[in-house]
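Listing of model.csv; format and content: CSV, C-alpha atoms.
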chain,number,residue,atom,x,y,z
J,267,MET,CA,9.0,-26.2,2.7
J,268,SER,CA,8.5,-22.5,2.6
J,269,LEU,CA,10.4,-19.6,4.1
J,270,LYS,CA,10.9,-17.8,7.4
J,271,VAL,CA,12.0,-14.3,8.1
J,272,LEU,CA,15.4,-14.2,9.7
J,273,SER,CA,15.8,-10.4,10.1
J,274,THR,CA,14.7,-7.0,9.0
J,275,GLY,CA,16.3,-3.6,8.4
J,276,VAL,CA,15.3,-0.1,7.3
J,277,GLY,CA,16.9,2.9,5.6
J,278,LEU,CA,15.1,6.2,5.9
J,279,PRO,CA,16.0,9.7,4.7
J,280,GLN,CA,17.2,12.1,7.3
J,281,ARG,CA,14.7,14.8,6.6
J,282,PHE,CA,11.3,14.3,8.3
J,283,ILE,CA,8.6,16.7,6.9
J,284,THR,CA,5.6,17.4,9.1
J,285,ASN,CA,2.3,18.6,7.8
J,286,ASP,CA,3.1,22.0,9.2
J,287,ASP,CA,6.4,21.9,7.3
J,288,LEU,CA,4.5,21.4,4.1
J,289,VAL,CA,2.7,24.7,4.8
J,290,GLU,CA,5.5,26.7,6.4
J,291,VAL,CA,8.6,25.5,4.5
J,292,MET,CA,7.2,24.2,1.2
J,293,GLY,CA,4.4,26.8,0.8
J,294,LEU,CA,1.5,24.4,0.3
J,295,ASP,CA,-2.0,25.8,0.8
J,296,THR,CA,-3.1,23.1,3.3
J,297,SER,CA,-3.1,22.4,7.0
J,298,ASP,CA,-2.2,19.7,9.5
J,299,GLU,CA,-5.9,19.3,10.3
J,300,TRP,CA,-7.0,18.9,6.7
J,301,ILE,CA,-4.3,16.3,5.9
J,302,TYR,CA,-4.6,14.3,9.1
J,303,SER,CA,-8.3,14.0,9.1
J,304,ARG,CA,-8.3,12.8,5.5
J,305,THR,CA,-5.3,10.5,5.5
J,306,GLY,CA,-4.1,9.8,9.1
J,307,ILE,CA,-0.7,11.2,8.1
J,308,LYS,CA,1.2,13.7,10.3
J,309,GLY,CA,4.6,13.5,8.7
J,310,ARG,CA,6.8,11.6,6.3
J,311,TYR,CA,10.5,11.0,5.5
J,312,VAL,CA,11.5,12.7,2.3
J,313,CYS,CA,14.8,12.3,0.4
J,314,GLN,CA,17.0,15.4,-0.1
J,315,GLU,CA,20.4,14.2,-1.4
J,316,GLU,CA,19.9,10.5,-0.5
J,317,THR,CA,19.7,8.1,-3.3
J,318,LEU,CA,17.4,5.0,-3.4
J,319,ALA,CA,20.5,2.9,-3.5
J,320,GLU,CA,21.9,4.4,-0.3
J,321,LEU,CA,18.6,3.8,1.6
J,322,SER,CA,18.5,0.2,0.2
J,323,ILE,CA,22.1,-0.6,1.1
J,324,THR,CA,21.5,0.7,4.7
J,325,ALA,CA,18.4,-1.5,5.1
J,326,ALA,CA,20.2,-4.5,3.5
J,327,ARG,CA,23.3,-4.2,5.8
J,328,GLN,CA,21.1,-3.9,8.9
J,329,ALA,CA,19.2,-7.0,8.0
J,330,LEU,CA,22.3,-8.9,7.1
J,331,ASP,CA,24.0,-7.9,10.4
J,332,GLU,CA,21.0,-9.1,12.4
J,333,ALA,CA,21.0,-12.4,10.5
J,334,GLU,CA,24.7,-12.7,11.0
J,335,LEU,CA,25.2,-13.3,7.3
J,336,THR,CA,27.3,-11.6,4.7
J,337,GLY,CA,26.7,-11.0,1.0
J,338,ALA,CA,28.5,-14.2,0.2
J,339,ASP,CA,25.8,-16.2,2.1
J,340,ILE,CA,22.9,-14.7,0.0
J,341,ASP,CA,21.7,-16.8,-2.9
J,342,TYR,CA,19.4,-14.2,-4.5
J,343,ILE,CA,18.6,-10.6,-4.2
J,344,LEU,CA,15.0,-9.4,-5.0
J,345,CYS,CA,14.3,-5.7,-5.0
J,346,SER,CA,10.8,-4.1,-5.2
J,347,THR,CA,10.8,-0.7,-6.7
J,348,ILE,CA,9.0,1.3,-9.3
J,349,ALA,CA,12.0,3.5,-10.1
J,350,ALA,CA,15.6,2.8,-9.2
J,351,ASP,CA,18.2,5.5,-9.5
J,352,THR,CA,19.3,3.9,-12.7
J,353,LYS,CA,17.2,2.1,-15.3
J,354,SER,CA,20.2,-0.1,-15.8
J,355,PRO,CA,21.8,-1.7,-13.8
J,356,SER,CA,19.0,-2.7,-11.5
J,357,LEU,CA,18.8,-1.6,-7.9
J,358,ALA,CA,19.3,-5.2,-6.9
J,359,CYS,CA,22.7,-5.2,-8.7
J,360,THR,CA,23.7,-2.0,-6.9
J,361,VAL,CA,22.9,-3.6,-3.6
J,362,ALA,CA,24.7,-6.8,-4.6
J,363,GLU,CA,27.8,-4.7,-5.4
J,364,ALA,CA,27.7,-2.9,-2.0
J,365,ILE,CA,27.4,-6.1,0.0
J,366,ASP,CA,29.9,-8.1,-2.0
J,367,ALA,CA,27.3,-10.6,-3.2
J,368,SER,CA,27.6,-12.4,-6.6
J,369,CYS,CA,24.2,-14.1,-6.7
J,370,GLY,CA,21.2,-13.5,-8.9
J,371,ALA,CA,19.9,-9.9,-8.5
J,372,VAL,CA,16.8,-8.5,-10.0
J,373,ASP,CA,14.2,-5.8,-9.5
J,374,LEU,CA,10.4,-6.5,-9.6
J,375,ASN,CA,7.8,-3.8,-10.2
J,376,GLY,CA,4.6,-4.8,-8.5
J,377,ALA,CA,3.8,-1.2,-7.5
J,378,CYS,CA,2.6,-1.0,-3.9
J,379,THR,CA,2.1,-4.8,-3.9
J,380,GLY,CA,5.8,-5.3,-4.8
J,381,PHE,CA,6.9,-6.7,-1.4
J,382,ILE,CA,4.3,-9.5,-1.6
J,383,TYR,CA,5.4,-10.3,-5.1
J,384,ASP,CA,9.0,-10.5,-3.9
J,385,LEU,CA,7.9,-12.8,-1.1
J,386,ASP,CA,6.0,-15.0,-3.6
J,387,VAL,CA,9.1,-15.4,-5.8
J,388,ALA,CA,11.4,-15.9,-2.8
J,389,ASN,CA,9.0,-18.6,-1.5
J,390,ALA,CA,9.1,-20.4,-4.8
J,391,LEU,CA,12.9,-20.1,-5.1
J,392,ILE,CA,13.3,-21.7,-1.7
J,393,ALA,CA,10.6,-24.3,-2.2
J,394,THR,CA,12.3,-25.5,-5.3
J,395,GLY,CA,15.7,-25.6,-3.7
J,396,ARG,CA,17.0,-22.9,-6.0
J,397,ALA,CA,18.1,-20.7,-3.1
J,398,LYS,CA,18.4,-20.9,0.6
J,399,ASN,CA,19.0,-17.4,1.8
J,400,ILE,CA,17.3,-14.5,0.0
J,401,LEU,CA,17.6,-10.8,0.6
J,402,ILE,CA,14.5,-8.8,-0.2
J,403,VAL,CA,14.7,-5.0,-0.4
J,404,ALA,CA,11.6,-2.8,-1.0
J,405,ALA,CA,12.7,0.8,-1.8
J,406,GLU,CA,10.6,3.7,-3.1
J,407,LYS,CA,11.2,7.4,-3.6
J,408,MET,CA,7.7,8.5,-4.1
J,409,SER,CA,8.7,12.1,-3.5
J,410,ALA,CA,10.3,12.1,-7.0
J,411,HIS,CA,7.0,11.2,-8.6
J,412,ALA,CA,4.7,13.5,-6.7
J,413,ASP,CA,3.5,16.8,-8.0
J,414,TRP,CA,4.5,19.2,-5.2
J,415,THR,CA,2.1,21.8,-6.4
J,416,ASP,CA,-0.8,19.4,-6.0
J,417,ARG,CA,-1.8,19.6,-2.3
J,418,ARG,CA,-4.2,16.6,-2.7
J,419,THR,CA,-1.5,14.1,-3.7
J,420,CYS,CA,1.9,15.2,-2.6
J,421,VAL,CA,1.0,15.1,1.0
J,422,LEU,CA,0.3,11.4,0.8
J,423,PHE,CA,3.7,9.9,0.1
J,424,GLY,CA,6.9,9.2,1.9
J,425,ASP,CA,10.3,7.7,1.0
J,426,GLY,CA,12.3,4.8,2.4
J,427,ALA,CA,13.6,1.3,2.1
J,428,ALA,CA,13.0,-1.8,4.1
J,429,ALA,CA,14.8,-5.2,3.9
J,430,VAL,CA,14.2,-8.7,5.1
J,431,VAL,CA,16.4,-11.7,4.9
J,432,VAL,CA,14.5,-15.0,4.5
J,433,THR,CA,15.7,-18.5,4.6
J,434,ALA,CA,14.2,-22.0,4.5
J,435,GLY,CA,11.4,-22.5,7.0
J,436,ASN,CA,7.7,-23.1,7.4
J,437,MET,CA,6.2,-19.7,8.1
J,438,ILE,CA,4.0,-19.3,5.0
J,439,LYS,CA,0.6,-20.9,5.2
J,440,TYR,CA,-0.9,-19.1,2.2
J,441,ILE,CA,0.4,-16.7,-0.4
J,442,ASN,CA,-1.4,-15.2,-3.4
J,443,VAL,CA,-0.6,-12.5,-5.9
J,444,ALA,CA,-2.9,-11.4,-8.7
J,445,SER,CA,-4.1,-8.5,-10.7
J,446,LYS,CA,-7.4,-7.0,-11.9
J,447,PRO,CA,-6.1,-5.2,-15.0
J,448,ASP,CA,-7.0,-1.5,-14.9
J,449,THR,CA,-4.0,0.6,-15.9
J,450,GLU,CA,-5.6,4.0,-15.5
J,451,VAL,CA,-6.6,4.2,-11.9
J,452,ILE,CA,-3.1,4.7,-10.6
J,453,ARG,CA,-0.5,5.8,-13.2
J,454,ILE,CA,2.9,7.4,-13.5
J,455,GLN,CA,4.0,8.1,-17.0
J,456,ALA,CA,7.7,7.2,-17.6
J,457,ASP,CA,9.8,9.5,-19.8
J,458,MET,CA,9.3,8.2,-23.4
J,459,ALA,CA,10.5,11.3,-25.1
J,460,GLY,CA,14.3,10.9,-25.3
J,461,ASN,CA,15.9,12.5,-28.3
J,462,ASN,CA,15.1,10.1,-31.1
J,463,PRO,CA,14.5,12.3,-34.1
J,464,ILE,CA,12.0,9.9,-35.7
J,465,ALA,CA,10.0,9.3,-32.5
J,466,ARG,CA,8.4,12.7,-31.9
J,467,ASP,CA,5.6,13.7,-29.6
J,468,MET,CA,6.2,10.9,-27.2
J,469,PRO,CA,5.2,11.7,-23.5
J,470,ALA,CA,7.7,13.0,-21.0
J,471,ALA,CA,7.8,11.8,-17.4
J,472,GLY,CA,4.6,12.6,-15.5
J,473,PHE,CA,3.5,12.9,-11.9
J,474,VAL,CA,1.6,10.2,-10.0
J,475,HIS,CA,-2.1,10.2,-11.0
J,476,MET,CA,-4.5,8.5,-8.8
J,477,ASP,CA,-8.3,8.2,-8.8
J,478,GLY,CA,-8.8,8.2,-5.0
J,479,GLN,CA,-12.4,7.0,-4.9
J,480,LYS,CA,-11.6,4.0,-7.2
J,481,VAL,CA,-8.5,3.1,-5.2
J,482,PHE,CA,-10.4,3.3,-1.9
J,483,LYS,CA,-13.2,1.0,-3.2
J,484,TYR,CA,-10.7,-1.4,-4.8
J,485,ALA,CA,-8.6,-1.6,-1.7
J,486,VAL,CA,-11.5,-2.3,0.7
J,487,ASN,CA,-13.0,-4.9,-1.6
J,488,ILE,CA,-9.6,-6.6,-2.0
J,489,ILE,CA,-9.0,-6.7,1.8
J,490,GLU,CA,-12.4,-8.1,2.5
J,491,ASN,CA,-12.3,-10.7,-0.3
J,492,GLU,CA,-8.8,-11.8,0.4
J,493,VAL,CA,-9.4,-12.2,4.1
J,494,LYS,CA,-12.3,-14.5,3.2
J,495,SER,CA,-10.4,-16.4,0.6
J,496,ALA,CA,-7.1,-16.8,2.5
J,497,LEU,CA,-8.9,-17.9,5.7
J,498,GLU,CA,-11.0,-20.4,3.8
J,499,LYS,CA,-7.9,-22.0,2.3
J,500,THR,CA,-6.0,-22.1,5.6
J,501,GLY,CA,-8.9,-23.3,7.7
J,502,LEU,CA,-8.5,-20.2,10.0
J,503,THR,CA,-11.1,-17.7,11.2
J,504,PRO,CA,-10.7,-14.0,11.4
J,505,ASP,CA,-10.3,-14.4,15.2
J,506,ASP,CA,-7.3,-16.7,14.7
J,507,ILE,CA,-5.3,-13.9,13.1
J,508,ASP,CA,-3.3,-12.0,15.6
J,509,LEU,CA,-2.1,-9.1,13.4
J,510,TYR,CA,-3.4,-7.8,10.1
J,511,LEU,CA,-0.5,-6.0,8.3
J,512,LEU,CA,-2.2,-3.9,5.6
J,513,HIS,CA,-0.5,-1.7,3.0
J,514,GLN,CA,-0.4,1.8,4.6
J,515,ALA,CA,-2.0,3.7,1.8
J,516,ASN,CA,-4.5,5.8,3.8
J,517,LEU,CA,-5.7,5.4,7.4
J,518,ARG,CA,-9.3,5.7,6.2
J,519,ILE,CA,-9.0,2.6,4.0
J,520,ILE,CA,-7.7,0.7,7.0
J,521,ASP,CA,-10.3,2.1,9.4
J,522,PHE,CA,-13.1,1.3,6.9
J,523,ALA,CA,-11.8,-2.2,6.3
J,524,ILE,CA,-11.7,-2.8,10.1
J,525,SER,CA,-15.3,-1.7,10.4
J,526,ARG,CA,-16.3,-4.2,7.7
J,527,LEU,CA,-14.2,-7.1,9.1
J,528,LYS,CA,-15.5,-6.5,12.6
J,529,GLN,CA,-12.1,-7.3,14.2
J,530,PRO,CA,-10.5,-5.4,17.1
J,531,LYS,CA,-8.7,-2.3,16.0
J,532,ASP,CA,-5.5,-3.2,17.9
J,533,LYS,CA,-5.0,-6.2,15.5
J,534,PHE,CA,-4.4,-3.6,12.7
J,535,PRO,CA,-1.1,-1.9,13.6
J,536,THR,CA,-0.3,1.3,11.6
J,537,ASN,CA,2.6,3.5,11.0
J,538,ILE,CA,1.3,5.8,8.3
J,539,ASP,CA,1.1,8.7,10.8
J,540,HIS,CA,4.9,9.1,10.6
J,541,THR,CA,5.7,7.4,7.2
J,542,GLY,CA,3.0,8.4,4.8
J,543,ASN,CA,2.3,6.0,1.9
J,544,THR,CA,5.7,4.5,1.1
J,545,SER,CA,4.3,2.2,-1.6
J,546,SER,CA,5.8,-1.3,-1.5
J,547,VAL,CA,8.0,-0.4,1.5
J,548,SER,CA,5.1,0.0,3.8
J,549,ILE,CA,4.5,-3.6,5.0
J,550,PRO,CA,8.2,-4.5,5.6
J,551,LEU,CA,8.8,-1.1,7.3
J,552,LEU,CA,5.8,-1.7,9.6
J,553,LEU,CA,7.0,-5.2,10.3
J,554,HIS,CA,10.5,-3.9,11.2
J,555,GLU,CA,9.0,-1.3,13.6
J,556,LEU,CA,6.8,-3.9,15.3
J,557,ARG,CA,9.8,-6.1,15.8
J,558,GLN,CA,11.8,-3.2,17.2
J,559,ALA,CA,8.9,-2.6,19.6
J,560,GLY,CA,8.8,-6.2,20.7
J,561,GLN,CA,5.3,-6.8,19.3
J,562,ILE,CA,6.2,-9.7,17.1
J,563,LYS,CA,6.4,-13.1,18.8
J,564,ALA,CA,6.8,-16.7,17.7
J,565,GLY,CA,3.5,-18.4,17.0
J,566,GLN,CA,1.6,-15.3,15.9
J,567,LYS,CA,-0.5,-15.6,12.8
J,568,MET,CA,-0.5,-12.6,10.5
J,569,PHE,CA,-2.4,-11.6,7.5
J,570,LEU,CA,-0.5,-9.4,5.1
J,571,CYS,CA,-2.3,-7.6,2.2
J,572,ALA,CA,-1.1,-5.0,-0.3
J,573,PHE,CA,-2.8,-3.4,-3.3
J,574,GLY,CA,-1.5,-1.0,-5.9
J,575,ALA,CA,-1.3,0.2,-9.5
J,576,GLY,CA,-2.1,-2.3,-12.2
J,577,MET,CA,-4.3,-3.0,-10.3
J,578,THR,CA,-2.2,-5.6,-8.4
J,579,TYR,CA,-2.8,-7.2,-5.1
J,580,GLY,CA,-1.1,-9.7,-2.9
J,581,THR,CA,-1.9,-11.6,0.3
J,582,CYS,CA,0.1,-13.7,2.6
J,583,VAL,CA,-0.8,-15.6,5.8
J,584,TRP,CA,2.2,-16.6,7.9
J,585,GLU,CA,2.9,-17.9,11.4
J,586,TRP,CA,5.9,-16.3,12.9
J,587,GLU,CA,8.8,-18.6,13.7
E,14,MET,CA,-35.3,4.1,-2.1
E,15,LEU,CA,-34.9,7.7,-0.8
E,16,ASN,CA,-35.8,6.5,2.7
E,17,ASP,CA,-33.3,3.6,2.5
E,18,ILE,CA,-30.6,6.1,1.5
E,19,GLN,CA,-31.7,8.5,4.2
E,20,ASP,CA,-31.4,5.6,6.8
E,21,VAL,CA,-27.8,4.8,5.7
E,22,LEU,CA,-27.0,8.5,5.9
E,23,ARG,CA,-28.5,8.9,9.3
E,24,GLU,CA,-26.4,6.0,10.6
E,25,TYR,CA,-23.3,7.3,8.9
E,26,LYS,CA,-23.7,10.8,10.3
E,27,GLY,CA,-25.0,9.6,13.6
E,28,ASP,CA,-28.0,11.9,13.2
E,29,ASP,CA,-31.5,10.3,13.6
E,30,GLU,CA,-33.2,13.5,12.5
E,31,LEU,CA,-31.4,13.9,9.2
E,32,THR,CA,-33.7,14.5,6.3
E,33,VAL,CA,-32.5,14.5,2.7
E,34,THR,CA,-34.0,15.1,-0.8
E,35,PRO,CA,-32.7,14.0,-4.2
E,36,GLU,CA,-31.2,17.5,-4.5
E,37,THR,CA,-29.1,17.1,-1.3
E,38,SER,CA,-25.5,17.1,-2.2
E,39,PHE,CA,-22.9,15.1,-0.2
E,40,ALA,CA,-21.0,18.4,0.1
E,41,ASP,CA,-24.0,19.9,1.8
E,42,LEU,CA,-23.7,17.0,4.3
E,43,SER,CA,-20.0,17.7,4.8
E,44,LEU,CA,-19.1,14.4,3.2
E,45,ASP,CA,-15.8,14.4,1.3
E,46,SER,CA,-14.9,12.1,-1.6
E,47,LEU,CA,-13.9,9.1,0.5
E,48,ASP,CA,-16.9,9.5,2.8
E,49,THR,CA,-18.9,9.2,-0.5
E,50,VAL,CA,-17.2,5.9,-1.3
E,51,GLU,CA,-17.9,4.5,2.2
E,52,LEU,CA,-21.5,5.6,1.7
E,53,VAL,CA,-21.8,4.0,-1.7
E,54,MET,CA,-20.3,0.7,-0.4
E,55,SER,CA,-22.8,0.6,2.4
E,56,ILE,CA,-25.6,1.2,-0.2
E,57,GLU,CA,-24.2,-1.6,-2.4
E,58,ASP,CA,-24.5,-4.0,0.6
E,59,LYS,CA,-28.0,-2.8,1.3
E,60,PHE,CA,-29.3,-3.1,-2.3
E,61,GLY,CA,-27.0,-6.0,-3.5
E,62,VAL,CA,-25.7,-4.0,-6.4
E,63,SER,CA,-22.3,-2.8,-7.6
E,64,ILE,CA,-22.0,0.9,-8.4
E,65,GLU,CA,-19.3,2.2,-10.6
E,66,MET,CA,-17.4,5.2,-9.1
E,67,ASN,CA,-16.9,7.7,-11.9
E,68,GLY,CA,-16.9,10.8,-9.9
E,69,ASP,CA,-20.5,11.6,-11.0
E,70,VAL,CA,-22.2,10.6,-7.8
E,71,ASN,CA,-22.4,14.0,-6.1
E,72,THR,CA,-26.0,14.1,-4.8
E,73,VAL,CA,-28.6,11.8,-3.3
E,74,GLY,CA,-30.4,11.9,-6.7
E,75,ASP,CA,-27.2,10.9,-8.5
E,76,LEU,CA,-27.0,7.9,-6.1
E,77,MET,CA,-30.6,6.9,-6.8
E,78,THR,CA,-29.9,7.0,-10.5
E,79,ALA,CA,-26.7,5.0,-10.1
E,80,ILE,CA,-28.6,2.3,-8.0
E,81,GLU,CA,-31.4,2.1,-10.7
E,82,LYS,CA,-28.7,1.7,-13.4
E,83,ALA,CA,-26.9,-1.0,-11.4
E,84,LYS,CA,-30.1,-2.9,-10.8
E,85,GLN,CA,-30.8,-3.0,-14.5
E,86,ALA,CA,-27.2,-4.1,-15.4
Could you write out this file's structure as structure tokens?
Amino acid sequence: MSLKVLSTGVGLPQRFITNDDLVEVMGLDTSDEWIYSRTGIKGRYVCQEETLAELSITAARQALDEAELTGADIDYILCSTIAADTKSPSLACTVAEAIDASCGAVDLNGACTGFIYDLDVANALIATGRAKNILIVAAEKMSAHADWTDRRTCVLFGDGAAAVVVTAGNMIKYINVASKPDTEVIRIQADMAGNNPIARDMPAAGFVHMDGQKVFKYAVNIIENEVKSALEKTGLTPDDIDLYLLHQANLRIIDFAISRLKQPKDKFPTNIDHTGNTSSVSIPLLLHELRQAGQIKAGQKMFLCAFGAGMTYGTCVWEWE
Amino acid sequence: MLNDIQDVLREYKGDDELTVTPETSFADLSLDSLDTVELVMSIEDKFGVSIEMNGDVNTVGDLMTAIEKAKQA
């Protein structure tokens, strides 16, 4: 017994910022050509007044409606986020309140890998009979952590939320989450300053720091190694996989991974051109868009792989039901 | 080793006439930081080594030094 995906939903900010907007409206010294050629990004959704909770609740309600379930039918809510609107209560509790659910509700921080971590926990909860229906919501507001004076990094990120409702099924053929501890490659300093008079000189909140070269190499190695490992364990070959859903961090990571895996490019759908890097939201957001476009069909085998700060990574092979 | 690196660079740039020296910088070849990682990973495959990316591989000579260091590790 594992799980199957019943439905999906998304919540996106209203404001869509193109690369040209970054130059003309936000005054950045960059260009569409520079950004697109280095990242594959043409635009991204960015929050103005929207809260992460609002985006999450929109995504959750959409997924619940499609599944024809209410909050009362949900046995667990798992949110993936690095920074909810409130440190306490959790984003999951805020979602639970909005959908009238009274089940367990907790946030997990697996950075960009967070959705796969949530899937792993959901899979275990269902396999042990602890829960039947689980709502997973990945939600990130990376615009709040980007340094908007740094043209190299702020152009990379987008905001949004994506939800899936999962229930008992047999989709998952392989799931693995792990980490290769290195806490300096990608880092966002939390606010440790506060106003405690005996805890002076503690760091204030920082912007996202990323060593692009190390992230690139780590990501490509993880994708290659995890494809090999997952397929060995499932008895599948790379040709058996219909779709590779990779974390949308940078199109060049995906393109380079494709060149090394020697698989057809159309097996690697992307949406980073209009979403930017939405951290843990990227895979469920891509999945939702593919479903909306009618590109997801029963029997398709998919390889999901995400990687992020920590350094964390997670992989799932599932056959769509 | 220089010839091997030159071969990888020729393939990467799609330029069979490309000639490099240890002093050639990746910036001279219009390679950005992510191009450099792709190049290093291709070199790793060719030489069977693992090269640490510390932002100090900026020229062909730097890459030769990094390969030697990785071979001795």
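Any residue of chain J with an atom within 8 Å of chain E counts; using all atoms listed in the file, that gives Gly478, Gln479, Lys480, Phe482, Lys483 and Phe522 of chain J.
Here atom CA of J:Tyr342 stands at a distance of 22.7 Å from atom CA of J:Val583.
When atom CA of J:Arg281 is paired with atom CA of J:Gln314, their separation reads 7.1 Å.
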Counting all atoms listed in the file, figure out which residue out of J:Thr360, J:Asn285, J:Thr336, J:Asn487 gets nearest to J:Ser322.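 Looking at the shortest contact to J:Ser322, the residue is J:Thr360.
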Give me, please, the distance in Å between atom CA of J:Gly370 and atom CA of J:Asp341, quoted to one decimal. 6.9 Å
Considering all atoms listed in the file, state which residue in the set J:Thr578, J:Thr274, J:Asn389, J:Thr284 is at the smallest distance from J:Lys446.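 Closest residue, counting all atoms listed in the file: J:Thr578.
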Completed stretch 38-58 of chain E (N, CA and C atoms) as a PDB file, keeping the file's coordinate frame:
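File produced: rebuild.pdb:
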ATOM      1  N   SER E  38     -26.815  17.500  -1.763  1.00  0.00           N
ATOM      2  CA  SER E  38     -25.500  17.100  -2.200  1.00  0.00           C
ATOM      3  C   SER E  38     -24.691  16.543  -1.027  1.00  0.00           C
ATOM      4  N   PHE E  39     -23.720  15.681  -1.324  1.00  0.00           N
ATOM      5  CA  PHE E  39     -22.900  15.100  -0.200  1.00  0.00           C
ATOM      6  C   PHE E  39     -22.029  16.249   0.363  1.00  0.00           C
ATOM      7  N   ALA E  40     -21.710  17.237  -0.457  1.00  0.00           N
ATOM      8  CA  ALA E  40     -21.000  18.400   0.100  1.00  0.00           C
ATOM      9  C   ALA E  40     -21.810  19.121   1.123  1.00  0.00           C
ATOM     10  N   ASP E  41     -23.146  19.220   0.868  1.00  0.00           N
ATOM     11  CA  ASP E  41     -24.000  19.900   1.800  1.00  0.00           C
ATOM     12  C   ASP E  41     -23.984  19.133   3.194  1.00  0.00           C
ATOM     13  N   LEU E  42     -23.744  17.819   3.123  1.00  0.00           N
ATOM     14  CA  LEU E  42     -23.700  17.000   4.300  1.00  0.00           C
ATOM     15  C   LEU E  42     -22.302  16.899   4.921  1.00  0.00           C
ATOM     16  N   SER E  43     -21.400  17.728   4.383  1.00  0.00           N
ATOM     17  CA  SER E  43     -20.000  17.700   4.800  1.00  0.00           C
ATOM     18  C   SER E  43     -19.337  16.355   4.618  1.00  0.00           C
ATOM     19  N   LEU E  44     -19.717  15.679   3.526  1.00  0.00           N
ATOM     20  CA  LEU E  44     -19.100  14.400   3.200  1.00  0.00           C
ATOM     21  C   LEU E  44     -18.065  14.643   2.101  1.00  0.00           C
ATOM     22  N   ASP E  45     -16.809  14.193   2.310  1.00  0.00           N
ATOM     23  CA  ASP E  45     -15.800  14.400   1.300  1.00  0.00           C
ATOM     24  C   ASP E  45     -15.829  13.155   0.333  1.00  0.00           C
ATOM     25  N   SER E  46     -14.882  13.111  -0.600  1.00  0.00           N
ATOM     26  CA  SER E  46     -14.900  12.100  -1.600  1.00  0.00           C
ATOM     27  C   SER E  46     -14.817  10.674  -1.077  1.00  0.00           C
ATOM     28  N   LEU E  47     -13.990  10.496  -0.025  1.00  0.00           N
ATOM     29  CA  LEU E  47     -13.900   9.100   0.500  1.00  0.00           C
ATOM     30  C   LEU E  47     -15.058   8.776   1.401  1.00  0.00           C
ATOM     31  N   ASP E  48     -15.665   9.778   2.070  1.00  0.00           N
ATOM     32  CA  ASP E  48     -16.900   9.500   2.800  1.00  0.00           C
ATOM     33  C   ASP E  48     -17.958   8.974   1.759  1.00  0.00           C
ATOM     34  N   THR E  49     -17.956   9.586   0.567  1.00  0.00           N
ATOM     35  CA  THR E  49     -18.900   9.200  -0.500  1.00  0.00           C
ATOM     36  C   THR E  49     -18.722   7.732  -0.857  1.00  0.00           C
ATOM     37  N   VAL E  50     -17.449   7.307  -0.969  1.00  0.00           N
ATOM     38  CA  VAL E  50     -17.200   5.900  -1.300  1.00  0.00           C
ATOM     39  C   VAL E  50     -17.697   4.988  -0.211  1.00  0.00           C
ATOM     40  N   GLU E  51     -17.435   5.362   1.037  1.00  0.00           N
ATOM     41  CA  GLU E  51     -17.900   4.500   2.200  1.00  0.00           C
ATOM     42  C   GLU E  51     -19.443   4.421   2.111  1.00  0.00           C
ATOM     43  N   LEU E  52     -20.079   5.541   1.808  1.00  0.00           N
ATOM     44  CA  LEU E  52     -21.500   5.600   1.700  1.00  0.00           C
ATOM     45  C   LEU E  52     -22.016   4.648   0.580  1.00  0.00           C
ATOM     46  N   VAL E  53     -21.366   4.782  -0.582  1.00  0.00           N
ATOM     47  CA  VAL E  53     -21.800   4.000  -1.700  1.00  0.00           C
ATOM     48  C   VAL E  53     -21.574   2.484  -1.428  1.00  0.00           C
ATOM     49  N   MET E  54     -20.483   2.145  -0.735  1.00  0.00           N
ATOM     50  CA  MET E  54     -20.300   0.700  -0.400  1.00  0.00           C
ATOM     51  C   MET E  54     -21.306   0.194   0.560  1.00  0.00           C
ATOM     52  N   SER E  55     -21.747   1.036   1.472  1.00  0.00           N
ATOM     53  CA  SER E  55     -22.800   0.600   2.400  1.00  0.00           C
ATOM     54  C   SER E  55     -24.132   0.446   1.612  1.00  0.00           C
ATOM     55  N   ILE E  56     -24.378   1.337   0.642  1.00  0.00           N
ATOM     56  CA  ILE E  56     -25.600   1.200  -0.200  1.00  0.00           C
ATOM     57  C   ILE E  56     -25.516  -0.038  -1.044  1.00  0.00           C
ATOM     58  N   GLU E  57     -24.324  -0.358  -1.559  1.00  0.00           N
ATOM     59  CA  GLU E  57     -24.200  -1.600  -2.400  1.00  0.00           C
ATOM     60  C   GLU E  57     -24.574  -2.802  -1.532  1.00  0.00           C
ATOM     61  N   ASP E  58     -24.125  -2.828  -0.279  1.00  0.00           N
ATOM     62  CA  ASP E  58     -24.500  -4.000   0.600  1.00  0.00           C
ATOM     63  C   ASP E  58     -25.992  -4.030   0.781  1.00  0.00           C
TER      64      ASP E  58
END
